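Chemist: I'd like to ask you about the structure that follows.
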Amino acid sequence: MRGKVSKELNQSGVIPYRERNGKIEILLITTRDRQSWVIPKGGIVNGMTPPDSAAKEAWEEAGVIGQVDVNELGTYKYRKRGKVYRVKMYLLPVEMISNNYPEANKRYRRWLDANQAIKLIKKDSLKRILKGFIQTKSHACSSSLEFSQQ
């Protein structure tokens, strides 16, 4: 007898970030039980594009607003309660932070140096996506700093 084929459920999420003093900072949030650090993500809402849905999750879970980069950064998978989720990841340069947002009383949030953020994330596939972003972004930061100092 064959096992039941589980369908992947599609989600989208963002890496909320900002630049401070030439360094990249990433905003992490806790799961609702406040046991581990994650990024804002959730199911793709019917009628919304994955980047728009990810922006909605960023607002609801982390209280941040910005223009989501529509270029997919990568995908990762995870299992939860017997289901497999496939998450499309996007970048969100944070333009506004609010203390009054839908899940403010359910989660903590914390700005971290990029390397600290990578250490706190448990999923290896998400760590890889974060590392790739950091490498490309830090090269862009350092070259723009070099250019501005000339």
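Please note that chains go A, B, ... in the order of the structure tokens, that every chain numbers its residues from 1, and that ligands are numbered from 1 in the order shown.
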Per DSSP on the backbone, filter chain A down to the residues in helix (DSSP H, G or I) and report them as a short mmCIF file (atom, residue, chain, number, x, y, z; two decimals) with all heavy atoms, in the first residue's frame.

Modeler:
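Now in result09.cif:
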```cif
data_model
loop_
_atom_site.label_atom_id
_atom_site.label_comp_id
_atom_site.auth_asym_id
_atom_site.auth_seq_id
_atom_site.Cartn_x
_atom_site.Cartn_y
_atom_site.Cartn_z
N PRO A 50 2.27 36.53 -5.18
CA PRO A 50 3.09 36.13 -4.03
C PRO A 50 3.79 37.32 -3.34
O PRO A 50 3.77 37.39 -2.11
CB PRO A 50 4.07 35.12 -4.62
CG PRO A 50 3.31 34.51 -5.77
CD PRO A 50 2.53 35.66 -6.34
N PRO A 51 4.40 38.28 -4.09
CA PRO A 51 5.03 39.42 -3.40
C PRO A 51 4.03 40.27 -2.61
O PRO A 51 4.33 40.70 -1.48
CB PRO A 51 5.67 40.25 -4.52
CG PRO A 51 5.83 39.29 -5.66
CD PRO A 51 4.70 38.31 -5.53
N ASP A 52 2.83 40.49 -3.16
CA ASP A 52 1.82 41.27 -2.44
C ASP A 52 1.35 40.55 -1.19
O ASP A 52 1.14 41.15 -0.14
CB ASP A 52 0.62 41.58 -3.34
CG ASP A 52 0.93 42.63 -4.40
OD1 ASP A 52 1.97 43.33 -4.27
OD2 ASP A 52 0.15 42.76 -5.35
N SER A 53 1.19 39.25 -1.30
CA SER A 53 0.78 38.44 -0.15
C SER A 53 1.87 38.47 0.93
O SER A 53 1.57 38.56 2.12
CB SER A 53 0.49 37.02 -0.62
OG SER A 53 -0.30 36.34 0.32
N ALA A 54 3.13 38.41 0.50
CA ALA A 54 4.25 38.48 1.44
C ALA A 54 4.27 39.83 2.16
O ALA A 54 4.54 39.89 3.36
CB ALA A 54 5.57 38.24 0.70
N ALA A 55 3.96 40.90 1.43
CA ALA A 55 3.92 42.24 2.05
C ALA A 55 2.82 42.30 3.10
O ALA A 55 3.00 42.88 4.17
CB ALA A 55 3.67 43.30 0.97
N LYS A 56 1.69 41.65 2.82
CA LYS A 56 0.57 41.60 3.78
C LYS A 56 1.02 40.87 5.05
O LYS A 56 0.73 41.32 6.16
CB LYS A 56 -0.61 40.89 3.12
CG LYS A 56 -1.82 40.67 3.99
CD LYS A 56 -2.90 39.95 3.16
CE LYS A 56 -4.01 39.44 4.02
NZ LYS A 56 -3.64 38.34 4.92
N GLU A 57 1.74 39.75 4.90
CA GLU A 57 2.24 39.00 6.06
C GLU A 57 3.23 39.84 6.86
O GLU A 57 3.23 39.81 8.09
CB GLU A 57 2.92 37.69 5.61
CG GLU A 57 1.97 36.67 5.02
CD GLU A 57 0.90 36.20 6.00
OE1 GLU A 57 1.16 36.14 7.22
OE2 GLU A 57 -0.20 35.87 5.54
N ALA A 58 4.10 40.59 6.17
CA ALA A 58 5.08 41.45 6.84
C ALA A 58 4.37 42.46 7.73
O ALA A 58 4.79 42.74 8.85
CB ALA A 58 5.97 42.15 5.82
N TRP A 59 3.26 43.01 7.23
CA TRP A 59 2.49 43.97 8.03
C TRP A 59 1.83 43.28 9.22
O TRP A 59 1.95 43.71 10.36
CB TRP A 59 1.44 44.68 7.18
CG TRP A 59 0.43 45.36 8.04
CD1 TRP A 59 -0.87 45.02 8.23
CD2 TRP A 59 0.67 46.49 8.91
NE1 TRP A 59 -1.46 45.84 9.15
CE2 TRP A 59 -0.54 46.76 9.59
CE3 TRP A 59 1.78 47.27 9.20
CZ2 TRP A 59 -0.66 47.78 10.52
CZ3 TRP A 59 1.66 48.30 10.12
CH2 TRP A 59 0.44 48.54 10.77
N GLU A 60 1.13 42.16 8.95
CA GLU A 60 0.37 41.49 10.01
C GLU A 60 1.27 40.92 11.10
O GLU A 60 0.96 41.03 12.27
CB GLU A 60 -0.48 40.36 9.41
CG GLU A 60 -1.63 40.87 8.56
CD GLU A 60 -2.39 39.75 7.87
OE1 GLU A 60 -1.98 38.56 7.97
OE2 GLU A 60 -3.40 40.06 7.20
N GLU A 61 2.39 40.30 10.71
CA GLU A 61 3.24 39.59 11.68
C GLU A 61 4.35 40.45 12.28
O GLU A 61 4.80 40.18 13.39
CB GLU A 61 3.86 38.36 11.02
CG GLU A 61 2.81 37.34 10.62
CD GLU A 61 3.38 36.09 9.97
OE1 GLU A 61 4.60 36.02 9.72
OE2 GLU A 61 2.60 35.16 9.71
N ALA A 62 4.83 41.46 11.51
CA ALA A 62 5.99 42.22 11.98
C ALA A 62 5.75 43.73 12.06
O ALA A 62 6.59 44.45 12.58
CB ALA A 62 7.19 41.95 11.07
N ALA A 114 23.14 40.95 10.25
CA ALA A 114 22.85 39.84 9.34
C ALA A 114 23.41 38.51 9.83
O ALA A 114 22.73 37.49 9.77
CB ALA A 114 23.38 40.18 7.95
N ASN A 115 24.64 38.50 10.32
CA ASN A 115 25.23 37.24 10.78
C ASN A 115 24.53 36.69 12.02
O ASN A 115 24.38 35.47 12.16
CB ASN A 115 26.73 37.41 11.03
CG ASN A 115 27.47 37.63 9.73
OD1 ASN A 115 27.18 37.00 8.72
ND2 ASN A 115 28.42 38.56 9.74
N GLN A 116 24.09 37.57 12.92
CA GLN A 116 23.33 37.11 14.10
C GLN A 116 22.00 36.50 13.65
O GLN A 116 21.57 35.49 14.18
CB GLN A 116 23.03 38.28 15.04
CG GLN A 116 24.24 38.85 15.75
CD GLN A 116 23.82 40.09 16.53
OE1 GLN A 116 23.32 41.06 15.97
NE2 GLN A 116 24.03 40.05 17.84
N ALA A 117 21.35 37.14 12.67
CA ALA A 117 20.07 36.65 12.17
C ALA A 117 20.24 35.24 11.61
O ALA A 117 19.44 34.35 11.89
CB ALA A 117 19.51 37.59 11.11
N ILE A 118 21.30 35.03 10.83
CA ILE A 118 21.55 33.71 10.25
C ILE A 118 21.73 32.67 11.35
O ILE A 118 21.21 31.56 11.26
CB ILE A 118 22.77 33.76 9.31
CG1 ILE A 118 22.39 34.54 8.04
CG2 ILE A 118 23.25 32.36 8.96
CD1 ILE A 118 23.56 34.92 7.16
N LYS A 119 22.42 33.03 12.43
CA LYS A 119 22.64 32.08 13.53
C LYS A 119 21.33 31.70 14.23
O LYS A 119 21.17 30.58 14.70
CB LYS A 119 23.61 32.67 14.56
CG LYS A 119 25.04 32.66 14.09
CD LYS A 119 25.96 33.29 15.11
CE LYS A 119 27.36 33.43 14.54
NZ LYS A 119 28.16 34.42 15.24
N LEU A 120 20.39 32.63 14.32
CA LEU A 120 19.13 32.36 15.03
C LEU A 120 18.12 31.57 14.20
O LEU A 120 17.23 30.93 14.75
CB LEU A 120 18.49 33.66 15.50
CG LEU A 120 19.17 34.36 16.68
CD1 LEU A 120 18.44 35.65 17.02
CD2 LEU A 120 19.20 33.45 17.90
N ASP A 124 18.00 25.29 7.56
CA ASP A 124 19.21 25.44 6.75
C ASP A 124 18.93 26.07 5.38
O ASP A 124 19.70 26.87 4.89
CB ASP A 124 19.91 24.09 6.56
CG ASP A 124 20.63 23.66 7.84
OD1 ASP A 124 20.93 24.53 8.69
OD2 ASP A 124 20.88 22.46 7.98
N SER A 125 17.80 25.65 4.75
CA SER A 125 17.49 26.17 3.42
C SER A 125 17.20 27.68 3.48
O SER A 125 17.56 28.42 2.56
CB SER A 125 16.31 25.41 2.81
OG SER A 125 15.27 25.29 3.76
N LEU A 126 16.60 28.14 4.56
CA LEU A 126 16.36 29.58 4.72
C LEU A 126 17.68 30.30 5.02
O LEU A 126 17.91 31.41 4.54
CB LEU A 126 15.32 29.83 5.81
CG LEU A 126 14.96 31.29 6.08
CD1 LEU A 126 14.52 32.02 4.81
CD2 LEU A 126 13.87 31.38 7.14
N LYS A 127 18.54 29.67 5.81
CA LYS A 127 19.87 30.25 6.09
C LYS A 127 20.62 30.49 4.79
O LYS A 127 21.26 31.52 4.61
CB LYS A 127 20.71 29.31 6.96
CG LYS A 127 20.36 29.35 8.41
CD LYS A 127 21.32 28.43 9.17
CE LYS A 127 20.88 28.28 10.59
NZ LYS A 127 21.91 28.27 11.57
N ARG A 128 20.55 29.51 3.85
CA ARG A 128 21.25 29.65 2.56
C ARG A 128 20.73 30.85 1.79
O ARG A 128 21.51 31.62 1.21
CB ARG A 128 21.07 28.38 1.72
CG ARG A 128 22.13 27.33 2.00
CD ARG A 128 22.13 26.23 0.94
NE ARG A 128 20.87 25.50 0.87
CZ ARG A 128 20.53 24.51 1.68
NH1 ARG A 128 21.35 24.13 2.65
NH2 ARG A 128 19.38 23.89 1.54
N ILE A 129 19.41 31.03 1.77
CA ILE A 129 18.82 32.17 1.07
C ILE A 129 19.31 33.48 1.70
O ILE A 129 19.70 34.41 1.01
CB ILE A 129 17.27 32.08 1.07
CG1 ILE A 129 16.81 30.89 0.22
CG2 ILE A 129 16.64 33.38 0.58
CD1 ILE A 129 15.34 30.55 0.35
N LEU A 130 19.29 33.52 3.03
CA LEU A 130 19.76 34.71 3.76
C LEU A 130 21.23 35.00 3.47
O LEU A 130 21.61 36.14 3.21
CB LEU A 130 19.60 34.49 5.26
CG LEU A 130 18.42 35.16 5.95
CD1 LEU A 130 18.35 34.72 7.39
CD2 LEU A 130 18.49 36.65 5.87
N LYS A 131 22.07 33.96 3.49
CA LYS A 131 23.50 34.15 3.21
C LYS A 131 23.72 34.70 1.81
O LYS A 131 24.56 35.58 1.62
CB LYS A 131 24.26 32.83 3.40
CG LYS A 131 24.48 32.45 4.84
CD LYS A 131 25.18 31.10 4.94
CE LYS A 131 25.28 30.65 6.38
NZ LYS A 131 25.79 29.28 6.51
N GLY A 132 22.99 34.17 0.85
CA GLY A 132 23.11 34.64 -0.54
C GLY A 132 22.75 36.11 -0.64
O GLY A 132 23.45 36.90 -1.29
N PHE A 133 21.68 36.51 0.04
CA PHE A 133 21.27 37.92 0.05
C PHE A 133 22.34 38.79 0.70
O PHE A 133 22.72 39.82 0.16
CB PHE A 133 19.93 38.07 0.80
CG PHE A 133 19.68 39.46 1.30
CD1 PHE A 133 19.57 40.52 0.41
CD2 PHE A 133 19.58 39.72 2.65
CE1 PHE A 133 19.34 41.82 0.87
CE2 PHE A 133 19.37 41.00 3.11
CZ PHE A 133 19.24 42.05 2.22
N ILE A 134 22.87 38.35 1.83
CA ILE A 134 23.88 39.12 2.56
C ILE A 134 25.11 39.34 1.68
O ILE A 134 25.64 40.44 1.61
CB ILE A 134 24.31 38.40 3.86
CG1 ILE A 134 23.13 38.11 4.78
CG2 ILE A 134 25.39 39.19 4.59
CD1 ILE A 134 22.24 39.21 5.13
N GLN A 135 25.55 38.27 1.02
CA GLN A 135 26.76 38.39 0.19
C GLN A 135 26.56 39.39 -0.94
O GLN A 135 27.39 40.26 -1.14
CB GLN A 135 27.15 37.02 -0.38
CG GLN A 135 27.75 36.12 0.68
CD GLN A 135 27.97 34.70 0.21
OE1 GLN A 135 27.37 34.25 -0.76
NE2 GLN A 135 28.83 33.98 0.90
N THR A 136 25.43 39.31 -1.65
CA THR A 136 25.22 40.24 -2.75
C THR A 136 25.00 41.66 -2.23
O THR A 136 25.50 42.62 -2.79
CB THR A 136 24.03 39.83 -3.64
OG1 THR A 136 22.87 39.71 -2.82
CG2 THR A 136 24.28 38.52 -4.34
N LYS A 137 24.27 41.78 -1.12
CA LYS A 137 23.97 43.11 -0.58
C LYS A 137 25.21 43.76 0.02
O LYS A 137 25.42 44.95 -0.15
CB LYS A 137 22.86 42.99 0.48
CG LYS A 137 22.15 44.27 0.76
CD LYS A 137 21.37 44.73 -0.46
CE LYS A 137 20.74 46.06 -0.18
NZ LYS A 137 20.35 46.78 -1.36
N SER A 138 26.03 43.00 0.72
CA SER A 138 27.20 43.60 1.35
C SER A 138 28.21 44.04 0.29
O SER A 138 28.88 45.05 0.44
CB SER A 138 27.84 42.67 2.37
OG SER A 138 28.23 41.47 1.77
N HIS A 139 28.29 43.31 -0.83
CA HIS A 139 29.17 43.75 -1.92
C HIS A 139 28.64 45.06 -2.50
O HIS A 139 29.41 45.98 -2.76
CB HIS A 139 29.26 42.70 -3.03
CG HIS A 139 30.03 41.48 -2.63
ND1 HIS A 139 31.28 41.55 -2.06
CD2 HIS A 139 29.74 40.16 -2.72
CE1 HIS A 139 31.71 40.33 -1.82
NE2 HIS A 139 30.79 39.47 -2.19
N ALA A 140 27.33 45.15 -2.66
CA ALA A 140 26.73 46.38 -3.19
C ALA A 140 26.96 47.54 -2.22
O ALA A 140 27.27 48.65 -2.64
CB ALA A 140 25.24 46.17 -3.43
N CYS A 141 26.82 47.28 -0.91
CA CYS A 141 27.04 48.32 0.10
C CYS A 141 28.48 48.81 0.07
O CYS A 141 28.73 49.99 0.06
CB CYS A 141 26.74 47.79 1.50
SG CYS A 141 25.02 47.84 1.93
N SER A 142 29.42 47.85 0.08
CA SER A 142 30.82 48.26 0.16
C SER A 142 31.25 48.97 -1.12
O SER A 142 31.98 49.94 -1.06
CB SER A 142 31.72 47.07 0.46
OG SER A 142 31.60 46.09 -0.55
N SER A 143 30.73 48.54 -2.29
CA SER A 143 31.13 49.23 -3.51
C SER A 143 30.49 50.60 -3.58
O SER A 143 31.09 51.55 -4.06
CB SER A 143 30.79 48.40 -4.75
OG SER A 143 29.42 48.16 -4.82
N SER A 144 29.27 50.77 -3.07
CA SER A 144 28.65 52.10 -3.08
C SER A 144 29.35 53.00 -2.06
O SER A 144 29.47 54.20 -2.28
CB SER A 144 27.15 52.03 -2.82
OG SER A 144 26.89 51.62 -1.51
N LEU A 145 29.82 52.43 -0.94
CA LEU A 145 30.57 53.23 0.04
C LEU A 145 31.91 53.67 -0.56
O LEU A 145 32.31 54.82 -0.42
CB LEU A 145 30.82 52.43 1.31
CG LEU A 145 29.64 52.26 2.25
CD1 LEU A 145 30.00 51.30 3.39
CD2 LEU A 145 29.21 53.59 2.84
N GLU A 146 32.59 52.72 -1.24
CA GLU A 146 33.87 53.08 -1.87
C GLU A 146 33.66 54.18 -2.89
O GLU A 146 34.42 55.13 -2.97
CB GLU A 146 34.48 51.85 -2.56
CG GLU A 146 35.02 50.82 -1.59
CD GLU A 146 35.28 49.49 -2.25
OE1 GLU A 146 35.35 49.42 -3.51
OE2 GLU A 146 35.40 48.48 -1.51
N PHE A 147 32.61 54.06 -3.68
CA PHE A 147 32.32 55.03 -4.72
C PHE A 147 32.05 56.41 -4.10
O PHE A 147 32.53 57.42 -4.57
CB PHE A 147 31.12 54.58 -5.56
CG PHE A 147 30.80 55.51 -6.69
CD1 PHE A 147 31.61 55.53 -7.84
CD2 PHE A 147 29.72 56.37 -6.62
CE1 PHE A 147 31.32 56.38 -8.87
CE2 PHE A 147 29.43 57.23 -7.65
CZ PHE A 147 30.24 57.24 -8.79
N SER A 148 31.29 56.44 -3.02
CA SER A 148 30.92 57.71 -2.39
C SER A 148 32.11 58.37 -1.69
O SER A 148 32.10 59.56 -1.44
CB SER A 148 29.75 57.52 -1.40
OG SER A 148 30.16 56.73 -0.32
N GLN A 149 33.14 57.56 -1.35
CA GLN A 149 34.30 58.13 -0.67
C GLN A 149 35.34 58.66 -1.65
O GLN A 149 36.30 59.28 -1.25
CB GLN A 149 34.93 57.08 0.25
CG GLN A 149 34.04 56.76 1.43
CD GLN A 149 34.54 55.55 2.21
OE1 GLN A 149 35.40 54.82 1.79
NE2 GLN A 149 33.93 55.35 3.38
#
```

Chemist: For stretch 93-102 of chain A, work out the shell of residues within 10 Å, counting only C-alpha atoms and skipping chain neighbours fewer than 5 positions away, then give it as a ChimeraX atom specification.

Modeler: /A:14-19,26-27,57-69

Chemist: Between A:Ala104, A:Met48, A:Gln11, A:Arg110, which has the minimum distance to A:Glu25 (counting only C-alpha atoms)?

Modeler: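 When distances to A:Glu25 are compared using only C-alpha atoms, the smallest one comes from A:Arg110.
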
Chemist: If you count only C-alpha atoms, which residues fall within 8 Å of A:Gly74, apart from same-chain ones fewer than 2 positions away, as a ChimeraX atom specification?

Modeler: /A:72,76,88-90,129

Chemist: Counting only C-alpha atoms, which residue out of A:Gly42, A:Leu91, A:Lys122, A:Arg107 sits closest to A:Leu9?

Modeler: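 Answer, going by the shortest atom-to-atom distance: A:Gly42.
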
Chemist: Quick one: pull the distance between atom CA of A:Lys80 and atom CA of A:Leu112, Å, one decimal.

Modeler: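 So the answer is 26.0 Å.
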
Chemist: For atom CA of A:Asn105 and atom CA of A:Gly13, determine how far apart the two atoms are, in Å to one decimal place.

Modeler: 20.3 Å

Chemist: Which residues are near stretch 30-39 of chain A? Cut-off 6 Å, only C-alpha atoms, ignore same chain within fewer than 5 positions. Put them as a list in words.

Modeler: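 In the requested form, the answer reads Lys106, Arg107, Tyr108 and Ile121 of chain A.
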
Chemist: Where does DSSP see strand (DSSP E) in stretch 65-150 of chain A, if you list the residues as a list in words?

Modeler: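 Written out, the strand (DSSP E) residues of stretch 65-150 of chain A are Ile65, Gly66, Gly74, Thr75, Tyr76, Lys77, Tyr78, Arg79, Lys80, Lys83, Val84, Tyr85, Arg86, Val87, Lys88, Met89, Tyr90, Leu91, Leu92, Pro93, Val94, Glu95, Met96, Ile97, Arg109, Arg110, Trp111, Leu112 and Asp113 of chain A.
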
Chemist: Skip A:Tyr85 itself and residues of its chain fewer than 2 positions away, then list as number ranges by chain all residues within 6 Å of it, counting only C-alpha atoms.

Modeler: A: 8-10, 77-78

Chemist: Filtering to N, CA and C atoms, could you give me those residues as a compact mmCIF listing (two decimals), in the first residue's frame?

Modeler:
```
# COMPACT_ATOMS: atom_id res chain seq x y z
N GLU A 8 2.05 20.00 -1.86
CA GLU A 8 2.75 21.14 -1.27
C GLU A 8 1.82 22.34 -1.22
N LEU A 9 1.84 23.01 -0.10
CA LEU A 9 1.04 24.23 0.04
C LEU A 9 1.97 25.42 -0.20
N ASN A 10 1.53 26.33 -1.06
CA ASN A 10 2.37 27.47 -1.41
C ASN A 10 2.22 28.63 -0.44
N LYS A 77 11.49 24.76 1.75
CA LYS A 77 10.36 23.93 2.18
C LYS A 77 10.47 23.62 3.65
N TYR A 78 9.31 23.41 4.27
CA TYR A 78 9.30 22.95 5.66
C TYR A 78 8.04 22.13 5.88
```

Chemist: Under the rule that only C-alpha atoms are counted, which of A:Lys123, A:Lys83, A:Lys41, A:Arg109 is the nearest residue to A:Lys7?

Modeler: A:Lys83
